[in-house]
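Text of structure08.txt, listed as compact mmCIF, C-alpha atoms and all ligand atoms:
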```
# COMPACT_ATOMS: atom_id res chain seq x y z
CA MET A 1 -40.65 -134.02 -44.50
CA GLY A 2 -40.14 -131.56 -47.33
CA SER A 3 -42.92 -129.56 -48.85
CA THR A 4 -42.98 -131.58 -52.08
CA GLN A 5 -44.03 -134.78 -50.47
CA LYS A 6 -47.63 -134.39 -51.55
CA ASN A 7 -46.58 -133.80 -55.13
CA VAL A 8 -44.37 -136.82 -55.51
CA MET A 9 -46.58 -139.36 -53.83
CA ARG A 10 -50.05 -140.29 -54.93
CA PRO A 11 -52.76 -138.62 -52.85
CA PRO A 12 -52.74 -140.23 -49.43
CA GLN A 13 -55.44 -142.81 -49.18
CA PRO A 14 -55.46 -144.08 -45.64
CA LYS A 15 -56.75 -147.62 -45.80
CA ARG A 16 -57.64 -147.84 -42.19
CA GLU A 17 -59.98 -150.75 -42.78
CA LYS A 18 -56.97 -152.88 -43.69
CA ILE A 19 -55.99 -153.03 -40.05
CA PRO A 20 -58.85 -154.62 -38.11
CA LYS A 21 -60.51 -152.32 -35.61
CA SER A 22 -60.18 -155.03 -32.98
CA GLN A 23 -56.43 -154.54 -33.09
CA ASP A 24 -56.40 -150.94 -31.89
CA ASN A 25 -54.64 -152.07 -28.78
CA TYR A 26 -51.77 -153.55 -30.72
CA ILE A 27 -51.54 -150.51 -32.99
CA ASP A 28 -51.42 -148.15 -30.00
CA ASN A 29 -48.63 -150.22 -28.48
CA ALA A 30 -46.81 -150.42 -31.78
CA GLN A 31 -46.97 -146.67 -32.25
CA THR A 32 -45.58 -146.01 -28.78
CA PHE A 33 -42.93 -148.62 -29.38
CA MET A 34 -41.89 -147.11 -32.68
CA LYS A 35 -41.69 -143.64 -31.23
CA ALA A 36 -39.17 -144.91 -28.70
CA LYS A 37 -35.56 -144.32 -29.53
CA PRO A 38 -34.33 -147.09 -31.82
CA LYS A 39 -31.49 -147.84 -29.42
CA ASN A 40 -34.13 -149.07 -26.99
CA GLN A 41 -35.46 -151.52 -29.53
CA VAL A 42 -32.40 -153.48 -30.51
CA ASN A 43 -29.02 -154.14 -29.08
CA THR A 44 -26.90 -151.59 -30.87
CA ASP A 45 -23.58 -152.59 -29.28
CA LYS A 46 -22.45 -154.36 -32.41
CA ILE A 47 -23.42 -151.42 -34.58
CA LYS A 48 -21.57 -149.06 -32.27
CA GLU A 49 -18.45 -151.16 -32.61
CA LYS A 50 -18.55 -150.53 -36.32
CA GLY A 51 -19.21 -146.86 -35.69
CA THR A 52 -22.08 -146.61 -38.13
CA THR A 53 -24.70 -145.01 -35.91
CA GLU A 54 -23.82 -141.43 -36.74
CA VAL A 55 -25.12 -141.48 -40.29
CA ASP A 56 -28.59 -142.34 -39.09
CA ASP A 57 -28.47 -139.94 -36.20
CA LYS A 58 -27.55 -137.20 -38.60
CA LYS A 59 -30.43 -137.96 -40.93
CA GLY A 60 -32.75 -139.02 -38.11
CA LEU A 61 -34.73 -141.57 -40.11
CA LYS A 62 -37.60 -142.91 -38.04
CA LEU A 63 -40.18 -145.57 -38.75
CA VAL A 64 -43.69 -144.24 -39.30
CA PRO A 65 -46.61 -145.99 -37.56
CA PRO A 66 -48.60 -148.76 -39.32
CA ARG A 67 -51.62 -146.54 -39.98
CA ASP A 68 -49.63 -143.66 -41.47
CA PRO A 69 -50.97 -143.01 -45.01
CA ARG A 70 -47.41 -142.86 -46.34
CA VAL A 71 -46.78 -146.51 -45.59
CA ASN A 72 -50.15 -147.40 -47.13
CA SER A 73 -49.70 -145.52 -50.43
CA ALA A 74 -47.89 -146.51 -53.61
CA ILE A 75 -44.72 -144.53 -54.35
CA ALA A 76 -44.26 -142.54 -57.58
CA PRO A 77 -41.15 -143.19 -59.73
CA PHE A 78 -37.85 -141.91 -58.40
CA SER A 79 -35.71 -139.27 -60.06
CA ASP A 80 -32.48 -137.80 -58.71
CA ASP A 81 -33.78 -134.23 -58.54
CA MET A 82 -36.19 -135.30 -55.78
CA LEU A 83 -33.32 -135.99 -53.37
CA LYS A 84 -32.48 -132.40 -52.48
CA ASP A 85 -36.06 -131.71 -51.33
CA GLU A 86 -35.46 -134.14 -48.48
CA GLY A 87 -31.93 -132.95 -47.79
CA PHE A 88 -29.96 -135.75 -49.47
CA LYS A 89 -27.10 -134.83 -51.72
CA ASP A 90 -27.06 -138.03 -53.76
CA ARG A 91 -28.26 -141.63 -54.01
CA LYS A 92 -25.33 -142.86 -51.98
CA GLU A 93 -26.14 -140.65 -49.01
CA LEU A 94 -29.75 -141.87 -49.03
CA ALA A 95 -28.65 -145.51 -49.34
CA ASP A 96 -26.19 -145.14 -46.45
CA ALA A 97 -28.86 -143.63 -44.19
CA MET A 98 -31.30 -146.40 -45.13
CA PHE A 99 -28.76 -149.18 -44.50
CA THR A 100 -27.85 -147.71 -41.13
CA THR A 101 -31.48 -147.37 -40.06
CA MET A 102 -32.24 -150.90 -41.26
CA LYS A 103 -29.34 -152.29 -39.24
CA LYS A 104 -30.26 -150.24 -36.19
CA TYR A 105 -33.73 -151.78 -36.13
CA GLY A 106 -32.35 -155.21 -37.01
CA GLY A 107 -34.18 -155.46 -40.34
CA LEU A 108 -33.38 -157.36 -43.53
CA GLY A 109 -35.00 -154.78 -45.76
CA LEU A 110 -36.40 -151.25 -45.55
CA THR A 111 -38.45 -149.22 -48.01
CA CYS A 112 -38.41 -145.42 -48.04
CA ASN A 113 -42.12 -144.99 -47.25
CA GLN A 114 -41.58 -146.93 -44.00
CA VAL A 115 -39.50 -144.00 -42.79
CA GLY A 116 -41.79 -141.39 -44.36
CA LEU A 117 -39.60 -140.66 -47.39
CA PRO A 118 -41.26 -140.29 -50.81
CA PHE A 119 -38.59 -142.20 -52.78
CA ASN A 120 -39.25 -145.28 -54.90
CA MET A 121 -36.36 -147.09 -53.29
CA PHE A 122 -35.50 -149.81 -50.82
CA THR A 123 -32.42 -151.34 -49.29
CA LEU A 124 -31.99 -154.98 -48.43
CA GLY A 125 -29.40 -157.43 -47.17
CA ASP A 126 -26.25 -156.72 -45.19
CA HIS A 127 -27.60 -159.19 -42.63
CA PRO A 128 -26.46 -162.67 -41.51
CA SER A 129 -29.75 -164.20 -42.80
CA ILE A 130 -29.03 -163.03 -46.35
CA GLU A 131 -26.92 -165.16 -48.64
CA LYS A 132 -23.27 -164.20 -48.98
CA GLY A 133 -23.72 -160.92 -47.11
CA LEU A 134 -25.38 -159.51 -50.21
CA LYS A 135 -26.40 -155.86 -49.96
CA MET A 136 -28.56 -154.02 -52.47
CA ALA A 137 -29.90 -150.47 -52.79
CA CYS A 138 -32.70 -150.63 -55.35
CA PHE A 139 -34.11 -147.51 -57.02
CA ASN A 140 -37.28 -147.86 -59.14
CA PRO A 141 -37.34 -151.63 -58.56
CA PHE A 142 -39.56 -153.85 -60.69
CA ILE A 143 -40.39 -157.56 -60.73
CA ILE A 144 -40.16 -158.82 -64.32
CA SER A 145 -41.22 -162.41 -63.69
CA LYS A 146 -42.01 -164.81 -60.89
CA SER A 147 -41.49 -168.58 -60.66
CA GLU A 148 -44.51 -170.83 -60.56
CA GLU A 149 -43.01 -172.64 -57.63
CA THR A 150 -44.05 -171.04 -54.36
CA VAL A 151 -42.69 -171.32 -50.83
CA MET A 152 -44.11 -170.52 -47.43
CA MET A 153 -41.89 -168.50 -45.12
CA LYS A 154 -42.32 -166.62 -41.88
CA GLU A 155 -41.96 -162.88 -42.39
CA GLY A 156 -41.61 -159.93 -40.07
CA CYS A 157 -41.81 -156.24 -40.92
CA LEU A 158 -40.22 -153.26 -39.18
CA THR A 159 -43.54 -151.40 -39.48
CA PHE A 160 -45.28 -154.11 -37.42
CA PRO A 161 -42.93 -154.81 -34.49
CA PHE A 162 -43.02 -158.42 -33.25
CA VAL A 163 -45.67 -159.51 -35.78
CA PHE A 164 -44.65 -162.65 -37.68
CA LEU A 165 -46.77 -164.20 -40.41
CA SER A 166 -46.36 -167.24 -42.64
CA ILE A 167 -46.72 -165.99 -46.18
CA VAL A 168 -46.72 -167.92 -49.47
CA ARG A 169 -44.81 -166.24 -52.29
CA PRO A 170 -43.08 -167.28 -55.52
CA ARG A 171 -39.71 -168.85 -54.80
CA LYS A 172 -37.72 -167.06 -57.49
CA VAL A 173 -38.06 -163.69 -59.16
CA VAL A 174 -36.33 -161.91 -62.01
CA VAL A 175 -36.01 -158.26 -61.12
CA LYS A 176 -34.63 -155.00 -62.41
CA TYR A 177 -33.66 -151.87 -60.56
CA GLU A 178 -31.24 -148.96 -60.69
CA ASP A 179 -28.32 -149.10 -58.28
CA GLU A 180 -26.66 -146.30 -56.29
CA ASP A 181 -24.78 -145.15 -59.39
CA GLY A 182 -27.93 -145.02 -61.50
CA GLN A 183 -26.91 -148.16 -63.43
CA LEU A 184 -29.75 -150.38 -64.55
CA ARG A 185 -29.30 -153.88 -63.16
CA GLU A 186 -31.08 -157.18 -63.56
CA GLY A 187 -31.12 -159.87 -60.89
CA HIS A 188 -32.20 -163.51 -60.76
CA LEU A 189 -33.08 -163.94 -57.11
CA ASP A 190 -33.72 -167.06 -55.06
CA GLY A 191 -33.78 -167.82 -51.33
CA MET A 192 -34.02 -165.16 -48.66
CA ILE A 193 -32.99 -162.28 -50.91
CA SER A 194 -35.87 -163.12 -53.29
CA ARG A 195 -38.26 -163.15 -50.36
CA VAL A 196 -37.09 -159.81 -48.99
CA PHE A 197 -37.15 -158.18 -52.44
CA GLN A 198 -40.79 -159.27 -52.87
CA HIS A 199 -41.75 -158.01 -49.40
CA GLU A 200 -40.10 -154.62 -50.00
CA TYR A 201 -41.57 -154.34 -53.49
CA ASP A 202 -45.03 -154.66 -51.91
CA HIS A 203 -44.18 -151.63 -49.76
CA ILE A 204 -43.42 -149.69 -52.98
CA LEU A 205 -46.95 -150.57 -54.13
CA GLY A 206 -48.35 -149.38 -50.79
CA LYS A 207 -49.13 -152.93 -49.68
CA ASN A 208 -48.25 -154.42 -46.31
CA PHE A 209 -47.63 -158.06 -45.47
CA ILE A 210 -50.79 -158.20 -43.35
CA ASP A 211 -52.91 -157.64 -46.51
CA GLY A 212 -54.71 -160.78 -47.53
CA VAL A 213 -53.97 -162.59 -44.28
CA SER A 214 -57.10 -164.02 -42.61
CA LYS A 215 -58.52 -162.13 -39.64
CA MET A 216 -58.05 -165.16 -37.43
CA LYS A 217 -54.38 -165.52 -38.31
CA LEU A 218 -53.84 -161.79 -37.86
CA ASP A 219 -55.59 -161.67 -34.50
CA MET A 220 -53.34 -164.44 -33.27
CA ALA A 221 -50.20 -162.76 -34.56
CA TYR A 222 -51.19 -159.39 -33.03
CA LYS A 223 -51.93 -161.02 -29.70
CA LYS A 224 -48.52 -162.70 -29.67
CA ALA A 225 -46.88 -159.44 -30.71
CA ALA A 226 -48.57 -157.46 -27.94
CA LYS A 227 -47.32 -160.04 -25.44
CA GLN A 228 -43.78 -159.86 -26.79
CA MET A 229 -43.86 -156.09 -26.70
CA LYS A 230 -44.96 -156.11 -23.06
CA LEU A 231 -42.23 -158.61 -22.17
CA TYR A 232 -39.72 -156.46 -23.96
CA GLU A 233 -40.79 -153.32 -22.09
CA LYS A 234 -40.62 -155.21 -18.81
CA ARG A 235 -37.11 -156.50 -19.50
CA LYS A 236 -36.00 -153.08 -20.59
CA ASN A 237 -37.13 -151.52 -17.32
CA LEU A 238 -35.42 -154.07 -15.14
ZN ZN B 301 -42.07 -154.57 -44.33
```
Starting from the coordinates I provided, produce the structure as structure tokens.
Ligand SMILES: [Zn+2]
Amino acid sequence: MGSTQKNVMRPPQPKREKIPKSQDNYIDNAQTFMKAKPKNQVNTDKIKEKGTTEVDDKKGLKLVPPRDPRVNSAIAPFSDDMLKDEGFKDRKELADAMFTTMKKYGGLGLTCNQVGLPFNMFTLGDHPSIEKGLKMACFNPFIISKSEETVMMKEGCLTFPFVFLSIVRPRKVVVKYEDEDGQLREGHLDGMISRVFQHEYDHILGKNFIDGVSKMKLDMAYKKAAKQMKLYEKRKNL
């Protein structure tokens, strides 16, 4: 991290209480898991075929653990002059590194604070679950309006490996953001892309998808996740 990180993000306010104390076990496992090389976490054969791993290796973007204050703090507005402090020459280089990391971990979306970067930016899409192979790099994203109609969907988050939670959110959103070229864009989103945009936008606000979920539901999800993680480790060592 560059030295300006503290200046561009709001003062770190670790909200440790948000993650129940009883889940220390899961968090410990998650942190170990996330420190492991990404290639151990997902099958990267397909990515290798496309030859896209180098970008990420060069930039070395790594997920930060769930209790890291950076992933629990809102992100200040983005401006291009912030890029050089973190060693990026332009928006495109940042977007490429983010897309590569997202793919490497098998995610549908990734926000900069999840990899410890202080930029108000996320990438989403470029995944079979997303309509029409859509791919977006969103700088200074904002949700203008939300539909009254809501839908429940199961969500996962790269910051919480193997945790899946059913979350109710508005079905459609009207959004604005700046793209890789700095152009202001407006989008009317529905379906999976709407869902991912809303999830990533919460990260921008310093919120995680476990916020507001009942302790009982969370405990269950963490227990399942810990089991899956163990199984994964076992399979990996075979
Ligand atoms: Zn997430």
| task | Grab me every residue within 12 Å of ligand ZN 301 (chain B), counting all atoms listed in the file, and send it over as a PyMOL selection string. | result | chain A and resi 63-66+71-72+102+107-115+122-124+155-165+195-211
Let me see the file: selected residues, C-alpha atoms, as an mmCIF file, keeping the file's coordinate frame.
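Okay, result.cif is ready:
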```cif
data_model
loop_
_atom_site.group_PDB
_atom_site.id
_atom_site.type_symbol
_atom_site.label_atom_id
_atom_site.label_comp_id
_atom_site.auth_asym_id
_atom_site.auth_seq_id
_atom_site.Cartn_x
_atom_site.Cartn_y
_atom_site.Cartn_z
ATOM 1 C CA LEU A 63 -40.180 -145.570 -38.750
ATOM 2 C CA VAL A 64 -43.690 -144.240 -39.300
ATOM 3 C CA PRO A 65 -46.610 -145.990 -37.560
ATOM 4 C CA PRO A 66 -48.600 -148.760 -39.320
ATOM 5 C CA VAL A 71 -46.780 -146.510 -45.590
ATOM 6 C CA ASN A 72 -50.150 -147.400 -47.130
ATOM 7 C CA MET A 102 -32.240 -150.900 -41.260
ATOM 8 C CA GLY A 107 -34.180 -155.460 -40.340
ATOM 9 C CA LEU A 108 -33.380 -157.360 -43.530
ATOM 10 C CA GLY A 109 -35.000 -154.780 -45.760
ATOM 11 C CA LEU A 110 -36.400 -151.250 -45.550
ATOM 12 C CA THR A 111 -38.450 -149.220 -48.010
ATOM 13 C CA CYS A 112 -38.410 -145.420 -48.040
ATOM 14 C CA ASN A 113 -42.120 -144.990 -47.250
ATOM 15 C CA GLN A 114 -41.580 -146.930 -44.000
ATOM 16 C CA VAL A 115 -39.500 -144.000 -42.790
ATOM 17 C CA PHE A 122 -35.500 -149.810 -50.820
ATOM 18 C CA THR A 123 -32.420 -151.340 -49.290
ATOM 19 C CA LEU A 124 -31.990 -154.980 -48.430
ATOM 20 C CA GLU A 155 -41.960 -162.880 -42.390
ATOM 21 C CA GLY A 156 -41.610 -159.930 -40.070
ATOM 22 C CA CYS A 157 -41.810 -156.240 -40.920
ATOM 23 C CA LEU A 158 -40.220 -153.260 -39.180
ATOM 24 C CA THR A 159 -43.540 -151.400 -39.480
ATOM 25 C CA PHE A 160 -45.280 -154.110 -37.420
ATOM 26 C CA PRO A 161 -42.930 -154.810 -34.490
ATOM 27 C CA PHE A 162 -43.020 -158.420 -33.250
ATOM 28 C CA VAL A 163 -45.670 -159.510 -35.780
ATOM 29 C CA PHE A 164 -44.650 -162.650 -37.680
ATOM 30 C CA LEU A 165 -46.770 -164.200 -40.410
ATOM 31 C CA ARG A 195 -38.260 -163.150 -50.360
ATOM 32 C CA VAL A 196 -37.090 -159.810 -48.990
ATOM 33 C CA PHE A 197 -37.150 -158.180 -52.440
ATOM 34 C CA GLN A 198 -40.790 -159.270 -52.870
ATOM 35 C CA HIS A 199 -41.750 -158.010 -49.400
ATOM 36 C CA GLU A 200 -40.100 -154.620 -50.000
ATOM 37 C CA TYR A 201 -41.570 -154.340 -53.490
ATOM 38 C CA ASP A 202 -45.030 -154.660 -51.910
ATOM 39 C CA HIS A 203 -44.180 -151.630 -49.760
ATOM 40 C CA ILE A 204 -43.420 -149.690 -52.980
ATOM 41 C CA LEU A 205 -46.950 -150.570 -54.130
ATOM 42 C CA GLY A 206 -48.350 -149.380 -50.790
ATOM 43 C CA LYS A 207 -49.130 -152.930 -49.680
ATOM 44 C CA ASN A 208 -48.250 -154.420 -46.310
ATOM 45 C CA PHE A 209 -47.630 -158.060 -45.470
ATOM 46 C CA ILE A 210 -50.790 -158.200 -43.350
ATOM 47 C CA ASP A 211 -52.910 -157.640 -46.510
#
```
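Excluding segment 148-153 of chain A itself and same-chain residues fewer than 4 positions from it, the residues having an atom within 7 Å of it are Ser166, Ile167, Val168, Arg169, Pro170 and Arg171 of chain A, counting all atoms listed in the file.
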| field | Two-atom distance - atom CA of Gln183 of chain A, atom CA of Ser129 of chain A (Å) | value |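 Interatomic distance, atom CA of Gln183 of chain A to atom CA of Ser129 of chain A: 26.3 Å.
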| Please, what distance in Å, to one decimal, runs between atom CA of Asp28 of chain A and atom CA of Arg67 of chain A? |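 About the pair atom CA of Asp28 of chain A and atom CA of Arg67 of chain A: they are 10.1 Å apart.
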| task | For each of A:Met229, A:Leu94, A:Ile130, A:Ala221, take the minimum atom-to-atom distance to Lys154 of chain A, counting all atoms listed in the file, then give the residue where this is smallest. | result |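 So, comparing all the options, the nearest one is A:Ala221.
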| said: Which residues are near Leu83 of chain A? Cut-off 10 Å, only C-alpha atoms, ignore same chain within fewer than 3 positions. Put them as a list of chain:residue names. | reply: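 Near neighbours after the sequence-gap exclusion: A:Phe78, A:Ser79, A:Asp80, A:Glu86, A:Gly87, A:Phe88, A:Lys89, A:Asp90, A:Arg91, A:Glu93, A:Leu94, A:Leu117, A:Pro118, A:Phe119.
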| What separation in Å, quoted to one decimal, exists between atom CA of Met220 of chain A and atom CA of Asp68 of chain A? |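 Atom CA of Asp68 of chain A lies at a distance of 22.6 Å from atom CA of Met220 of chain A.
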| query | Nearest to Ala137 of chain A: which of A:Val174, A:Ala97, A:Leu231, A:Leu61 is it, counting all atoms listed in the file? | reply | A:Ala97
| message | When you count only C-alpha atoms, which of these residues is closest to Glu131 of chain A: A:Ile27, A:Met98, A:Met216, A:Ile193? | response | A:Ile193
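When all atoms listed in the file are used to measure the gap to Glu180 of chain A, the shortest distance among A:Asp96, A:Lys236, A:Ser145, A:Lys103 belongs to A:Asp96.
The shortest atom-to-atom distance to Leu134 of chain A, with all atoms listed in the file taken into account, belongs to A:Leu189 out of A:Lys146, A:Asp181, A:Leu189, A:Ala74.
Using all atoms listed in the file, the protein and nucleic acid residues lying no more than 10 Å from Ile144 of chain A, apart from those fewer than 2 places from it along its own chain, are Pro141, Phe142, Lys146, Val173, Val174, Val175, Lys176, Glu186, Gly187 and His188 of chain A.
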| message | Please determine, counting all atoms listed in the file, which residue among A:Cys138, A:Leu218, A:Gly116, A:Glu178 has the shortest atom-to-atom distance to Gly60 of chain A. | response | A:Gly116
Could you write segment 83-96 of chain A as a PDB file, keeping the file's coordinate frame, with N, CA and C atoms rebuilt where they are missing?
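File written: result_9.pdb
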```
ATOM      1  N   LEU A  83     -34.124-135.766 -54.571  1.00  0.00           N
ATOM      2  CA  LEU A  83     -33.320-135.990 -53.370  1.00  0.00           C
ATOM      3  C   LEU A  83     -33.112-134.725 -52.535  1.00  0.00           C
ATOM      4  N   LYS A  84     -32.835-133.622 -53.227  1.00  0.00           N
ATOM      5  CA  LYS A  84     -32.480-132.400 -52.480  1.00  0.00           C
ATOM      6  C   LYS A  84     -33.656-131.882 -51.650  1.00  0.00           C
ATOM      7  N   ASP A  85     -34.893-132.159 -52.099  1.00  0.00           N
ATOM      8  CA  ASP A  85     -36.060-131.710 -51.330  1.00  0.00           C
ATOM      9  C   ASP A  85     -36.098-132.315 -49.941  1.00  0.00           C
ATOM     10  N   GLU A  86     -35.475-133.483 -49.791  1.00  0.00           N
ATOM     11  CA  GLU A  86     -35.460-134.140 -48.480  1.00  0.00           C
ATOM     12  C   GLU A  86     -34.101-134.016 -47.818  1.00  0.00           C
ATOM     13  N   GLY A  87     -33.227-133.203 -48.409  1.00  0.00           N
ATOM     14  CA  GLY A  87     -31.930-132.950 -47.790  1.00  0.00           C
ATOM     15  C   GLY A  87     -30.854-133.992 -48.052  1.00  0.00           C
ATOM     16  N   PHE A  88     -31.016-134.782 -49.126  1.00  0.00           N
ATOM     17  CA  PHE A  88     -29.960-135.750 -49.470  1.00  0.00           C
ATOM     18  C   PHE A  88     -29.187-135.243 -50.675  1.00  0.00           C
ATOM     19  N   LYS A  89     -27.855-135.388 -50.606  1.00  0.00           N
ATOM     20  CA  LYS A  89     -27.100-134.830 -51.720  1.00  0.00           C
ATOM     21  C   LYS A  89     -27.026-135.789 -52.911  1.00  0.00           C
ATOM     22  N   ASP A  90     -27.050-137.084 -52.639  1.00  0.00           N
ATOM     23  CA  ASP A  90     -27.060-138.030 -53.760  1.00  0.00           C
ATOM     24  C   ASP A  90     -27.635-139.380 -53.326  1.00  0.00           C
ATOM     25  N   ARG A  91     -27.701-140.300 -54.297  1.00  0.00           N
ATOM     26  CA  ARG A  91     -28.260-141.630 -54.010  1.00  0.00           C
ATOM     27  C   ARG A  91     -27.495-142.337 -52.910  1.00  0.00           C
ATOM     28  N   LYS A  92     -26.181-142.161 -52.940  1.00  0.00           N
ATOM     29  CA  LYS A  92     -25.330-142.860 -51.980  1.00  0.00           C
ATOM     30  C   LYS A  92     -25.652-142.438 -50.547  1.00  0.00           C
ATOM     31  N   GLU A  93     -25.848-141.136 -50.358  1.00  0.00           N
ATOM     32  CA  GLU A  93     -26.140-140.650 -49.010  1.00  0.00           C
ATOM     33  C   GLU A  93     -27.467-141.216 -48.505  1.00  0.00           C
ATOM     34  N   LEU A  94     -28.457-141.276 -49.395  1.00  0.00           N
ATOM     35  CA  LEU A  94     -29.750-141.870 -49.030  1.00  0.00           C
ATOM     36  C   LEU A  94     -29.568-143.355 -48.691  1.00  0.00           C
ATOM     37  N   ALA A  95     -28.849-144.071 -49.559  1.00  0.00           N
ATOM     38  CA  ALA A  95     -28.650-145.510 -49.340  1.00  0.00           C
ATOM     39  C   ALA A  95     -27.941-145.756 -48.011  1.00  0.00           C
ATOM     40  N   ASP A  96     -26.916-144.960 -47.709  1.00  0.00           N
ATOM     41  CA  ASP A  96     -26.190-145.140 -46.450  1.00  0.00           C
ATOM     42  C   ASP A  96     -27.109-144.948 -45.243  1.00  0.00           C
TER      43      ASP A  96
END
```
